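Raw contents of start-v3.cif, mmCIF, N, CA and C atoms and all ligand atoms:
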data_model
loop_
_atom_site.label_atom_id
_atom_site.label_comp_id
_atom_site.auth_asym_id
_atom_site.auth_seq_id
_atom_site.Cartn_x
_atom_site.Cartn_y
_atom_site.Cartn_z
N MET S 1 112.84 110.20 70.86
CA MET S 1 111.78 110.36 71.85
C MET S 1 111.11 109.00 72.12
N ILE S 2 110.87 108.74 73.39
CA ILE S 2 110.25 107.47 73.80
C ILE S 2 108.87 107.76 74.37
N LEU S 3 107.86 107.07 73.86
CA LEU S 3 106.54 107.11 74.47
C LEU S 3 106.44 105.91 75.39
N LEU S 4 106.37 106.17 76.68
CA LEU S 4 106.25 105.09 77.65
C LEU S 4 104.79 105.02 78.08
N LEU S 5 104.11 104.00 77.57
CA LEU S 5 102.67 103.90 77.75
C LEU S 5 102.33 102.93 78.86
N VAL S 6 101.46 103.37 79.76
CA VAL S 6 101.09 102.50 80.88
C VAL S 6 99.57 102.47 81.01
N ASP S 7 99.08 101.32 81.45
CA ASP S 7 97.65 101.16 81.72
C ASP S 7 97.37 101.77 83.09
N SER S 8 96.79 102.96 83.10
CA SER S 8 96.62 103.66 84.37
C SER S 8 95.40 103.17 85.15
N SER S 9 94.70 102.16 84.61
CA SER S 9 93.58 101.60 85.36
C SER S 9 94.04 100.48 86.30
N GLU S 10 95.33 100.13 86.20
CA GLU S 10 95.84 99.08 87.09
C GLU S 10 96.05 99.63 88.50
N LYS S 11 96.30 98.73 89.45
CA LYS S 11 96.58 99.17 90.80
C LYS S 11 97.89 99.97 90.81
N ILE S 12 97.92 100.99 91.64
CA ILE S 12 99.05 101.92 91.63
C ILE S 12 100.38 101.19 91.83
N ARG S 13 100.34 100.15 92.64
CA ARG S 13 101.54 99.36 92.90
C ARG S 13 102.07 98.74 91.59
N ASN S 14 101.15 98.22 90.79
CA ASN S 14 101.54 97.61 89.51
C ASN S 14 102.02 98.64 88.51
N ILE S 15 101.38 99.80 88.53
CA ILE S 15 101.82 100.87 87.61
C ILE S 15 103.27 101.23 87.92
N ARG S 16 103.56 101.42 89.22
CA ARG S 16 104.93 101.78 89.61
C ARG S 16 105.92 100.69 89.21
N ILE S 17 105.57 99.42 89.47
CA ILE S 17 106.47 98.31 89.13
C ILE S 17 106.77 98.31 87.63
N LYS S 18 105.73 98.45 86.83
CA LYS S 18 105.91 98.41 85.37
C LYS S 18 106.73 99.60 84.88
N LEU S 19 106.41 100.78 85.41
CA LEU S 19 107.16 101.96 84.97
C LEU S 19 108.62 101.86 85.38
N GLU S 20 108.85 101.44 86.63
CA GLU S 20 110.23 101.39 87.10
C GLU S 20 111.06 100.36 86.34
N SER S 21 110.46 99.24 85.96
CA SER S 21 111.25 98.25 85.22
C SER S 21 111.58 98.78 83.82
N SER S 22 110.66 99.51 83.21
CA SER S 22 110.94 100.11 81.90
C SER S 22 112.00 101.21 82.05
N LEU S 23 111.87 102.01 83.10
CA LEU S 23 112.82 103.11 83.29
C LEU S 23 114.22 102.61 83.60
N ASP S 24 114.31 101.46 84.29
CA ASP S 24 115.63 100.85 84.54
C ASP S 24 116.34 100.56 83.22
N ILE S 25 115.61 99.96 82.31
CA ILE S 25 116.20 99.61 81.00
C ILE S 25 116.56 100.89 80.23
N LEU S 26 115.67 101.87 80.26
CA LEU S 26 115.95 103.12 79.55
C LEU S 26 117.18 103.82 80.14
N ARG S 27 117.33 103.74 81.46
CA ARG S 27 118.52 104.33 82.10
C ARG S 27 119.79 103.65 81.60
N GLN S 28 119.72 102.30 81.49
CA GLN S 28 120.89 101.56 80.98
C GLN S 28 121.23 101.98 79.57
N LEU S 29 120.23 102.45 78.83
CA LEU S 29 120.45 102.90 77.45
C LEU S 29 120.74 104.40 77.40
N ASP S 30 120.94 104.99 78.59
CA ASP S 30 121.24 106.42 78.69
C ASP S 30 120.12 107.33 78.22
N VAL S 31 118.89 106.86 78.34
CA VAL S 31 117.74 107.69 77.97
C VAL S 31 117.19 108.32 79.24
N GLY S 32 117.34 109.63 79.34
CA GLY S 32 116.90 110.34 80.54
C GLY S 32 115.48 110.84 80.41
N PRO S 33 114.92 111.37 81.51
CA PRO S 33 113.52 111.83 81.55
C PRO S 33 113.14 112.81 80.43
N SER S 34 114.10 113.64 80.01
CA SER S 34 113.75 114.66 79.01
C SER S 34 113.40 114.05 77.66
N ARG S 35 113.80 112.80 77.45
CA ARG S 35 113.49 112.15 76.16
C ARG S 35 112.30 111.21 76.25
N ILE S 36 111.67 111.18 77.44
CA ILE S 36 110.58 110.23 77.65
C ILE S 36 109.27 110.99 77.87
N LEU S 37 108.23 110.54 77.19
CA LEU S 37 106.89 111.06 77.46
C LEU S 37 106.08 109.92 78.07
N LEU S 38 105.60 110.16 79.28
CA LEU S 38 104.83 109.14 79.99
C LEU S 38 103.36 109.27 79.60
N VAL S 39 102.85 108.25 78.92
CA VAL S 39 101.48 108.28 78.42
C VAL S 39 100.60 107.40 79.31
N LEU S 40 99.67 108.03 80.02
CA LEU S 40 98.78 107.31 80.92
C LEU S 40 97.51 106.97 80.16
N ASN S 41 97.39 105.70 79.80
CA ASN S 41 96.24 105.27 78.99
C ASN S 41 95.11 104.73 79.88
N LYS S 42 93.96 104.58 79.30
CA LYS S 42 92.75 104.04 79.95
C LYS S 42 92.24 104.97 81.05
N VAL S 43 92.33 106.26 80.81
CA VAL S 43 91.85 107.21 81.82
C VAL S 43 90.32 107.19 81.93
N ASP S 44 89.65 106.52 80.99
CA ASP S 44 88.19 106.38 81.09
C ASP S 44 87.78 105.39 82.18
N VAL S 45 88.72 104.55 82.61
CA VAL S 45 88.42 103.58 83.67
C VAL S 45 88.71 104.25 85.01
N ILE S 46 87.67 104.43 85.81
CA ILE S 46 87.86 105.28 86.98
C ILE S 46 87.77 104.50 88.30
N GLU S 47 87.90 103.17 88.21
CA GLU S 47 87.74 102.34 89.42
C GLU S 47 88.64 102.77 90.58
N GLU S 48 89.94 102.73 90.34
CA GLU S 48 90.87 103.17 91.38
C GLU S 48 91.69 104.28 90.75
N ASN S 49 91.45 105.51 91.21
CA ASN S 49 92.11 106.59 90.47
C ASN S 49 93.54 106.86 90.94
N SER S 50 94.46 106.17 90.25
CA SER S 50 95.88 106.29 90.56
C SER S 50 96.50 107.46 89.81
N ILE S 51 95.74 108.03 88.91
CA ILE S 51 96.34 108.97 87.94
C ILE S 51 96.95 110.22 88.59
N PRO S 52 96.22 110.93 89.46
CA PRO S 52 96.83 112.14 90.03
C PRO S 52 98.12 111.83 90.80
N THR S 53 98.15 110.70 91.50
CA THR S 53 99.34 110.33 92.28
C THR S 53 100.51 110.05 91.35
N ILE S 54 100.24 109.24 90.32
CA ILE S 54 101.31 108.89 89.37
C ILE S 54 101.81 110.14 88.64
N GLU S 55 100.87 110.97 88.21
CA GLU S 55 101.25 112.22 87.54
C GLU S 55 102.15 113.07 88.43
N GLY S 56 101.76 113.20 89.68
CA GLY S 56 102.52 114.02 90.63
C GLY S 56 103.92 113.46 90.84
N GLU S 57 103.99 112.16 91.08
CA GLU S 57 105.28 111.53 91.36
C GLU S 57 106.25 111.68 90.19
N TYR S 58 105.74 111.40 89.00
CA TYR S 58 106.65 111.36 87.84
C TYR S 58 106.94 112.74 87.29
N SER S 59 106.00 113.67 87.39
CA SER S 59 106.36 115.02 86.93
C SER S 59 107.38 115.64 87.88
N ALA S 60 107.30 115.30 89.17
CA ALA S 60 108.31 115.79 90.12
C ALA S 60 109.70 115.25 89.77
N ARG S 61 109.73 114.12 89.11
CA ARG S 61 111.02 113.53 88.69
C ARG S 61 111.44 113.97 87.30
N GLY S 62 110.70 114.90 86.70
CA GLY S 62 111.12 115.48 85.42
C GLY S 62 110.53 114.85 84.18
N PHE S 63 109.50 114.02 84.37
CA PHE S 63 108.86 113.40 83.21
C PHE S 63 107.65 114.22 82.80
N LYS S 64 107.51 114.44 81.49
CA LYS S 64 106.26 115.00 80.96
C LYS S 64 105.24 113.88 80.94
N THR S 65 104.00 114.19 81.29
CA THR S 65 102.97 113.15 81.26
C THR S 65 101.77 113.64 80.44
N VAL S 66 101.08 112.68 79.85
CA VAL S 66 99.85 113.01 79.14
C VAL S 66 98.85 111.89 79.39
N LYS S 67 97.60 112.29 79.59
CA LYS S 67 96.54 111.31 79.90
C LYS S 67 95.71 111.07 78.65
N ILE S 68 95.49 109.81 78.33
CA ILE S 68 94.69 109.50 77.14
C ILE S 68 93.71 108.35 77.41
N SER S 69 92.69 108.30 76.58
CA SER S 69 91.91 107.09 76.46
C SER S 69 91.97 106.70 74.99
N ALA S 70 92.76 105.68 74.69
CA ALA S 70 92.88 105.23 73.30
C ALA S 70 91.52 104.73 72.81
N LEU S 71 90.75 104.18 73.76
CA LEU S 71 89.45 103.63 73.40
C LEU S 71 88.49 104.74 72.94
N ARG S 72 88.46 105.81 73.70
CA ARG S 72 87.52 106.90 73.39
C ARG S 72 88.12 108.01 72.54
N GLY S 73 89.43 107.96 72.36
CA GLY S 73 90.09 109.00 71.58
C GLY S 73 90.35 110.27 72.38
N GLU S 74 90.20 110.21 73.69
CA GLU S 74 90.45 111.40 74.51
C GLU S 74 91.95 111.62 74.69
N GLY S 75 92.33 112.88 74.69
CA GLY S 75 93.73 113.24 74.95
C GLY S 75 94.63 113.14 73.73
N MET S 76 94.06 112.80 72.58
CA MET S 76 94.89 112.63 71.38
C MET S 76 95.52 113.96 70.94
N HIS S 77 94.74 115.04 71.13
CA HIS S 77 95.26 116.36 70.74
C HIS S 77 96.48 116.71 71.60
N GLN S 78 96.34 116.51 72.91
CA GLN S 78 97.45 116.78 73.83
C GLN S 78 98.67 115.90 73.51
N LEU S 79 98.38 114.64 73.19
CA LEU S 79 99.46 113.71 72.86
C LEU S 79 100.22 114.19 71.62
N LYS S 80 99.45 114.59 70.60
CA LYS S 80 100.09 115.08 69.37
C LYS S 80 100.90 116.34 69.63
N LEU S 81 100.34 117.22 70.46
CA LEU S 81 101.07 118.45 70.80
C LEU S 81 102.40 118.13 71.47
N GLN S 82 102.34 117.22 72.44
CA GLN S 82 103.57 116.86 73.18
C GLN S 82 104.60 116.23 72.25
N ILE S 83 104.12 115.43 71.30
CA ILE S 83 105.06 114.80 70.36
C ILE S 83 105.64 115.86 69.43
N SER S 84 104.77 116.74 68.92
CA SER S 84 105.26 117.71 67.93
C SER S 84 106.18 118.74 68.56
N GLU S 85 106.08 118.93 69.88
CA GLU S 85 107.04 119.84 70.55
C GLU S 85 108.45 119.28 70.49
N ARG S 86 108.56 117.96 70.36
CA ARG S 86 109.89 117.34 70.40
C ARG S 86 110.36 116.86 69.04
N VAL S 87 109.42 116.56 68.16
CA VAL S 87 109.79 115.98 66.87
C VAL S 87 109.56 117.02 65.79
N LYS S 88 110.55 117.20 64.93
CA LYS S 88 110.39 118.18 63.85
C LYS S 88 109.46 117.62 62.77
N GLY S 89 108.71 118.52 62.16
CA GLY S 89 107.84 118.11 61.05
C GLY S 89 106.45 117.80 61.52
N PRO S 90 105.53 117.57 60.59
CA PRO S 90 104.13 117.32 60.96
C PRO S 90 103.95 115.98 61.65
N VAL S 91 102.99 115.92 62.55
CA VAL S 91 102.74 114.69 63.30
C VAL S 91 101.33 114.20 62.98
N GLY S 92 101.23 112.95 62.54
CA GLY S 92 99.93 112.32 62.34
C GLY S 92 99.83 111.15 63.31
N LEU S 93 98.66 110.88 63.79
CA LEU S 93 98.51 109.83 64.78
C LEU S 93 97.20 109.12 64.55
N HIS S 94 97.27 107.80 64.43
CA HIS S 94 96.03 107.04 64.28
C HIS S 94 96.10 105.81 65.15
N ILE S 95 95.17 105.67 66.07
CA ILE S 95 95.12 104.47 66.92
C ILE S 95 93.76 103.82 66.69
N ASP S 96 93.79 102.55 66.36
CA ASP S 96 92.54 101.85 66.10
C ASP S 96 92.59 100.52 66.81
N PHE S 97 91.78 100.34 67.84
CA PHE S 97 91.83 99.12 68.64
C PHE S 97 90.80 98.08 68.21
N ARG S 98 90.06 98.38 67.15
CA ARG S 98 89.04 97.39 66.77
C ARG S 98 89.66 96.14 66.17
N1 LIG B 1 88.81 101.10 78.72
C1 LIG B 1 89.84 101.20 77.90
N2 LIG B 1 90.31 100.09 77.31
C2 LIG B 1 91.36 100.21 76.48
C3 LIG B 1 92.00 101.46 76.23
N3 LIG B 1 93.03 101.25 75.40
C4 LIG B 1 93.04 99.94 75.15
N4 LIG B 1 92.05 99.30 75.77
C5 LIG B 1 91.69 97.90 75.75
O1 LIG B 1 92.60 97.20 76.54
C6 LIG B 1 92.79 95.89 76.02
C7 LIG B 1 94.26 95.59 75.92
O2 LIG B 1 94.85 95.93 77.14
P1 LIG B 1 95.23 94.82 78.19
O3 LIG B 1 94.15 93.79 78.27
O4 LIG B 1 95.64 95.55 79.43
O5 LIG B 1 96.44 94.17 77.42
P2 LIG B 1 97.87 93.86 77.90
O6 LIG B 1 98.37 94.96 78.78
O7 LIG B 1 98.62 93.52 76.69
O8 LIG B 1 97.62 92.53 78.70
P3 LIG B 1 97.64 92.29 80.28
O9 LIG B 1 99.05 91.95 80.58
O10 LIG B 1 96.66 91.16 80.46
O11 LIG B 1 97.19 93.54 80.96
C8 LIG B 1 92.07 95.85 74.70
O12 LIG B 1 90.84 95.17 74.92
C9 LIG B 1 91.79 97.31 74.38
O13 LIG B 1 90.60 97.50 73.67
C10 LIG B 1 91.47 102.61 76.87
O14 LIG B 1 91.92 103.74 76.71
N5 LIG B 1 90.38 102.41 77.68
MG MG B 2 97.40 95.45 80.51
#
Would you kindly transcribe this structure into structure tokens?
Amino acid sequence: MILLLVDSSEKIRNIRIKLESSLDILRQLDVGPSRILLVLNKVDVIEENSIPTIEGEYSARGFKTVKISALRGEGMHQLKLQISERVKGPVGLHIDFR
């Protein structure tokens, strides 16, 4: 399973460029959408809200997405759930940016 993490506070154009370049490499490695979880980080930054558009585009292409704020700890439960649906055994997660 691949967690593809993107800074969703960036301009939508940059988000797409970054995601597509990562997805190109993953495609070359034969990793399809079903093995990728798209993690949209920095959802606490609401300057330009690209999130609904990105979520819509990528879920239509078969990617599971989850929104988080690593800074505030939001979305960690959803993230763990999404991981544990794919990975056998208990899942622990600790992110500390200090
Ligand atoms: N607001 C906010 N900040 C976060 C979050 N997660 C990480 N950061 C902060 O983001 C910073 C690191 O991200 P960036 O500065 O984008 O780092 P980067 O992507 O390696 O570098 P750039 O190429 O310059 O964007 C750190 O200061 C983190 O504390 C989050 O969920 N919300
Ligand atoms: Mg960045």
Checklist entry - What residues in stretch 14-89 of chain S get the DSSP label strand (DSSP E)? Please answer as a PyMOL selection string. => result chain S and resi 36-41+64-67
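A straight-line distance of 27.5 Å separates atom CA of S:Lys88 from atom N of S:Val43.
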Checklist entry - Which value, in Å to one decimal, gives the distance between atom C of S:Gln28 and atom CA of S:Ile2? => result 13.6 Å
Item to check | One-decimal distance in Å that lies between atom CA of S:Leu26 and atom C of S:Ile54 | outcome: 18.2 Å
Next on the checklist: Need to verify the contact set: stretch 68-76 of chain S, 9 Å, only C-alpha atoms, exclusion of same-chain residues closer than 5 positions in sequence. Can you return it as a list in words?
Outcome noted: Val39, Leu40, Asn41, Lys42, Val43, Asp44, Val45, Leu81, Leu93, Ile95, Asp96 and Phe97 of chain S
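In this comparison, which uses all atoms listed in the file, the residue of S:Val91, S:Ile83, S:Leu3, S:Ile25 approaching S:Leu37 most closely is S:Leu3.
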Item to check | Spatial sel., origin (104.3, 109.5, 80.8), limit 9 Å, only C-alpha atoms, listed as a PyMOL selection string | outcome: chain S and resi 3-6+36-40+55+58-59+63-67
Okay, now the selection with N, CA and C atoms, as a PDB file, keeping the file's coordinate frame?
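Written out: again.pdb:
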ATOM      1  N   LEU S   3     107.860 107.070  73.860  1.00  0.00           N
ATOM      2  CA  LEU S   3     106.540 107.110  74.470  1.00  0.00           C
ATOM      3  C   LEU S   3     106.440 105.910  75.390  1.00  0.00           C
ATOM      4  N   LEU S   4     106.370 106.170  76.680  1.00  0.00           N
ATOM      5  CA  LEU S   4     106.250 105.090  77.650  1.00  0.00           C
ATOM      6  C   LEU S   4     104.790 105.020  78.080  1.00  0.00           C
ATOM      7  N   LEU S   5     104.110 104.000  77.570  1.00  0.00           N
ATOM      8  CA  LEU S   5     102.670 103.900  77.750  1.00  0.00           C
ATOM      9  C   LEU S   5     102.330 102.930  78.860  1.00  0.00           C
ATOM     10  N   VAL S   6     101.460 103.370  79.760  1.00  0.00           N
ATOM     11  CA  VAL S   6     101.090 102.500  80.880  1.00  0.00           C
ATOM     12  C   VAL S   6      99.570 102.470  81.010  1.00  0.00           C
ATOM     13  N   ILE S  36     111.670 111.180  77.440  1.00  0.00           N
ATOM     14  CA  ILE S  36     110.580 110.230  77.650  1.00  0.00           C
ATOM     15  C   ILE S  36     109.270 110.990  77.870  1.00  0.00           C
ATOM     16  N   LEU S  37     108.230 110.540  77.190  1.00  0.00           N
ATOM     17  CA  LEU S  37     106.890 111.060  77.460  1.00  0.00           C
ATOM     18  C   LEU S  37     106.080 109.920  78.070  1.00  0.00           C
ATOM     19  N   LEU S  38     105.600 110.160  79.280  1.00  0.00           N
ATOM     20  CA  LEU S  38     104.830 109.140  79.990  1.00  0.00           C
ATOM     21  C   LEU S  38     103.360 109.270  79.600  1.00  0.00           C
ATOM     22  N   VAL S  39     102.850 108.250  78.920  1.00  0.00           N
ATOM     23  CA  VAL S  39     101.480 108.280  78.420  1.00  0.00           C
ATOM     24  C   VAL S  39     100.600 107.400  79.310  1.00  0.00           C
ATOM     25  N   LEU S  40      99.670 108.030  80.020  1.00  0.00           N
ATOM     26  CA  LEU S  40      98.780 107.310  80.920  1.00  0.00           C
ATOM     27  C   LEU S  40      97.510 106.970  80.160  1.00  0.00           C
ATOM     28  N   GLU S  55     100.870 110.970  88.210  1.00  0.00           N
ATOM     29  CA  GLU S  55     101.250 112.220  87.540  1.00  0.00           C
ATOM     30  C   GLU S  55     102.150 113.070  88.430  1.00  0.00           C
ATOM     31  N   TYR S  58     105.740 111.400  89.000  1.00  0.00           N
ATOM     32  CA  TYR S  58     106.650 111.360  87.840  1.00  0.00           C
ATOM     33  C   TYR S  58     106.940 112.740  87.290  1.00  0.00           C
ATOM     34  N   SER S  59     106.000 113.670  87.390  1.00  0.00           N
ATOM     35  CA  SER S  59     106.360 115.020  86.930  1.00  0.00           C
ATOM     36  C   SER S  59     107.380 115.640  87.880  1.00  0.00           C
ATOM     37  N   PHE S  63     109.500 114.020  84.370  1.00  0.00           N
ATOM     38  CA  PHE S  63     108.860 113.400  83.210  1.00  0.00           C
ATOM     39  C   PHE S  63     107.650 114.220  82.800  1.00  0.00           C
ATOM     40  N   LYS S  64     107.510 114.440  81.490  1.00  0.00           N
ATOM     41  CA  LYS S  64     106.260 115.000  80.960  1.00  0.00           C
ATOM     42  C   LYS S  64     105.240 113.880  80.940  1.00  0.00           C
ATOM     43  N   THR S  65     104.000 114.190  81.290  1.00  0.00           N
ATOM     44  CA  THR S  65     102.970 113.150  81.260  1.00  0.00           C
ATOM     45  C   THR S  65     101.770 113.640  80.440  1.00  0.00           C
ATOM     46  N   VAL S  66     101.080 112.680  79.850  1.00  0.00           N
ATOM     47  CA  VAL S  66      99.850 113.010  79.140  1.00  0.00           C
ATOM     48  C   VAL S  66      98.850 111.890  79.390  1.00  0.00           C
ATOM     49  N   LYS S  67      97.600 112.290  79.590  1.00  0.00           N
ATOM     50  CA  LYS S  67      96.540 111.310  79.900  1.00  0.00           C
ATOM     51  C   LYS S  67      95.710 111.070  78.650  1.00  0.00           C
TER      52      LYS S  67
END
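If you count all atoms listed in the file and ignore residues fewer than 5 places along the chain from S:Arg61, what sits within 8 Å of it is Pro33, Ser34, Glu55 and Gly56 of chain S.
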Determine, using all atoms listed in the file, which residues of chain S have any atom at most 8 Å from an atom of ligand MG 2 (chain B), and tabulate each with its shortest atom pair and distance in Å to one decimal place, rows ordered by chain and then rising number, as a tab-separated table.
residue	atom	partner	partner_atom	distance
S:Val6	C	B:MG2	MG	7.4
S:Asp7	CA	B:MG2	MG	5.8
S:Ser8	N	B:MG2	MG	8.0
S:Glu10	N	B:MG2	MG	7.7
Written selection (N, CA and C atoms) as an mmCIF file, in the frame of the given file:
data_model
loop_
_atom_site.group_PDB
_atom_site.id
_atom_site.type_symbol
_atom_site.label_atom_id
_atom_site.label_comp_id
_atom_site.auth_asym_id
_atom_site.auth_seq_id
_atom_site.Cartn_x
_atom_site.Cartn_y
_atom_site.Cartn_z
ATOM 1 N N VAL S 6 101.460 103.370 79.760
ATOM 2 C CA VAL S 6 101.090 102.500 80.880
ATOM 3 C C VAL S 6 99.570 102.470 81.010
ATOM 4 N N ASP S 7 99.080 101.320 81.450
ATOM 5 C CA ASP S 7 97.650 101.160 81.720
ATOM 6 C C ASP S 7 97.370 101.770 83.090
ATOM 7 N N SER S 8 96.790 102.960 83.100
ATOM 8 C CA SER S 8 96.620 103.660 84.370
ATOM 9 C C SER S 8 95.400 103.170 85.150
ATOM 10 N N GLU S 10 95.330 100.130 86.200
ATOM 11 C CA GLU S 10 95.840 99.080 87.090
ATOM 12 C C GLU S 10 96.050 99.630 88.500
#
Checklist entry - In chain S, what's alpha helix (DSSP H) per DSSP? Answer as a ChimeraX atom specification? => result /S:12-28,51-60,76-86
Dump as a tab-separated table (two decimals), in the frame of the given file, selection limited to N, CA and C atoms:
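The result, stored in part-v6.tsv:
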chain	number	residue	atom	x	y	z
S	12	ILE	N	97.92	100.99	91.64
S	12	ILE	CA	99.05	101.92	91.63
S	12	ILE	C	100.38	101.19	91.83
S	13	ARG	N	100.34	100.15	92.64
S	13	ARG	CA	101.54	99.36	92.90
S	13	ARG	C	102.07	98.74	91.59
S	14	ASN	N	101.15	98.22	90.79
S	14	ASN	CA	101.54	97.61	89.51
S	14	ASN	C	102.02	98.64	88.51
S	15	ILE	N	101.38	99.80	88.53
S	15	ILE	CA	101.82	100.87	87.61
S	15	ILE	C	103.27	101.23	87.92
S	16	ARG	N	103.56	101.42	89.22
S	16	ARG	CA	104.93	101.78	89.61
S	16	ARG	C	105.92	100.69	89.21
S	17	ILE	N	105.57	99.42	89.47
S	17	ILE	CA	106.47	98.31	89.13
S	17	ILE	C	106.77	98.31	87.63
S	18	LYS	N	105.73	98.45	86.83
S	18	LYS	CA	105.91	98.41	85.37
S	18	LYS	C	106.73	99.60	84.88
S	19	LEU	N	106.41	100.78	85.41
S	19	LEU	CA	107.16	101.96	84.97
S	19	LEU	C	108.62	101.86	85.38
S	20	GLU	N	108.85	101.44	86.63
S	20	GLU	CA	110.23	101.39	87.10
S	20	GLU	C	111.06	100.36	86.34
S	21	SER	N	110.46	99.24	85.96
S	21	SER	CA	111.25	98.25	85.22
S	21	SER	C	111.58	98.78	83.82
S	22	SER	N	110.66	99.51	83.21
S	22	SER	CA	110.94	100.11	81.90
S	22	SER	C	112.00	101.21	82.05
S	23	LEU	N	111.87	102.01	83.10
S	23	LEU	CA	112.82	103.11	83.29
S	23	LEU	C	114.22	102.61	83.60
S	24	ASP	N	114.31	101.46	84.29
S	24	ASP	CA	115.63	100.85	84.54
S	24	ASP	C	116.34	100.56	83.22
S	25	ILE	N	115.61	99.96	82.31
S	25	ILE	CA	116.20	99.61	81.00
S	25	ILE	C	116.56	100.89	80.23
S	26	LEU	N	115.67	101.87	80.26
S	26	LEU	CA	115.95	103.12	79.55
S	26	LEU	C	117.18	103.82	80.14
S	27	ARG	N	117.33	103.74	81.46
S	27	ARG	CA	118.52	104.33	82.10
S	27	ARG	C	119.79	103.65	81.60
S	28	GLN	N	119.72	102.30	81.49
S	28	GLN	CA	120.89	101.56	80.98
S	28	GLN	C	121.23	101.98	79.57
S	51	ILE	N	95.74	108.03	88.91
S	51	ILE	CA	96.34	108.97	87.94
S	51	ILE	C	96.95	110.22	88.59
S	52	PRO	N	96.22	110.93	89.46
S	52	PRO	CA	96.83	112.14	90.03
S	52	PRO	C	98.12	111.83	90.80
S	53	THR	N	98.15	110.70	91.50
S	53	THR	CA	99.34	110.33	92.28
S	53	THR	C	100.51	110.05	91.35
S	54	ILE	N	100.24	109.24	90.32
S	54	ILE	CA	101.31	108.89	89.37
S	54	ILE	C	101.81	110.14	88.64
S	55	GLU	N	100.87	110.97	88.21
S	55	GLU	CA	101.25	112.22	87.54
S	55	GLU	C	102.15	113.07	88.43
S	56	GLY	N	101.76	113.20	89.68
S	56	GLY	CA	102.52	114.02	90.63
S	56	GLY	C	103.92	113.46	90.84
S	57	GLU	N	103.99	112.16	91.08
S	57	GLU	CA	105.28	111.53	91.36
S	57	GLU	C	106.25	111.68	90.19
S	58	TYR	N	105.74	111.40	89.00
S	58	TYR	CA	106.65	111.36	87.84
S	58	TYR	C	106.94	112.74	87.29
S	59	SER	N	106.00	113.67	87.39
S	59	SER	CA	106.36	115.02	86.93
S	59	SER	C	107.38	115.64	87.88
S	60	ALA	N	107.30	115.30	89.17
S	60	ALA	CA	108.31	115.79	90.12
S	60	ALA	C	109.70	115.25	89.77
S	76	MET	N	94.06	112.80	72.58
S	76	MET	CA	94.89	112.63	71.38
S	76	MET	C	95.52	113.96	70.94
S	77	HIS	N	94.74	115.04	71.13
S	77	HIS	CA	95.26	116.36	70.74
S	77	HIS	C	96.48	116.71	71.60
S	78	GLN	N	96.34	116.51	72.91
S	78	GLN	CA	97.45	116.78	73.83
S	78	GLN	C	98.67	115.90	73.51
S	79	LEU	N	98.38	114.64	73.19
S	79	LEU	CA	99.46	113.71	72.86
S	79	LEU	C	100.22	114.19	71.62
S	80	LYS	N	99.45	114.59	70.60
S	80	LYS	CA	100.09	115.08	69.37
S	80	LYS	C	100.90	116.34	69.63
S	81	LEU	N	100.34	117.22	70.46
S	81	LEU	CA	101.07	118.45	70.80
S	81	LEU	C	102.40	118.13	71.47
S	82	GLN	N	102.34	117.22	72.44
S	82	GLN	CA	103.57	116.86	73.18
S	82	GLN	C	104.60	116.23	72.25
S	83	ILE	N	104.12	115.43	71.30
S	83	ILE	CA	105.06	114.80	70.36
S	83	ILE	C	105.64	115.86	69.43
S	84	SER	N	104.77	116.74	68.92
S	84	SER	CA	105.26	117.71	67.93
S	84	SER	C	106.18	118.74	68.56
S	85	GLU	N	106.08	118.93	69.88
S	85	GLU	CA	107.04	119.84	70.55
S	85	GLU	C	108.45	119.28	70.49
S	86	ARG	N	108.56	117.96	70.36
S	86	ARG	CA	109.89	117.34	70.40
S	86	ARG	C	110.36	116.86	69.04
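Considering the residues S:Met1, S:Arg35, S:Asp30, S:Ile46 and counting only C-alpha atoms and all ligand atoms, ligand LIG 1 (chain B) has its shortest atom-to-atom contact with S:Ile46.
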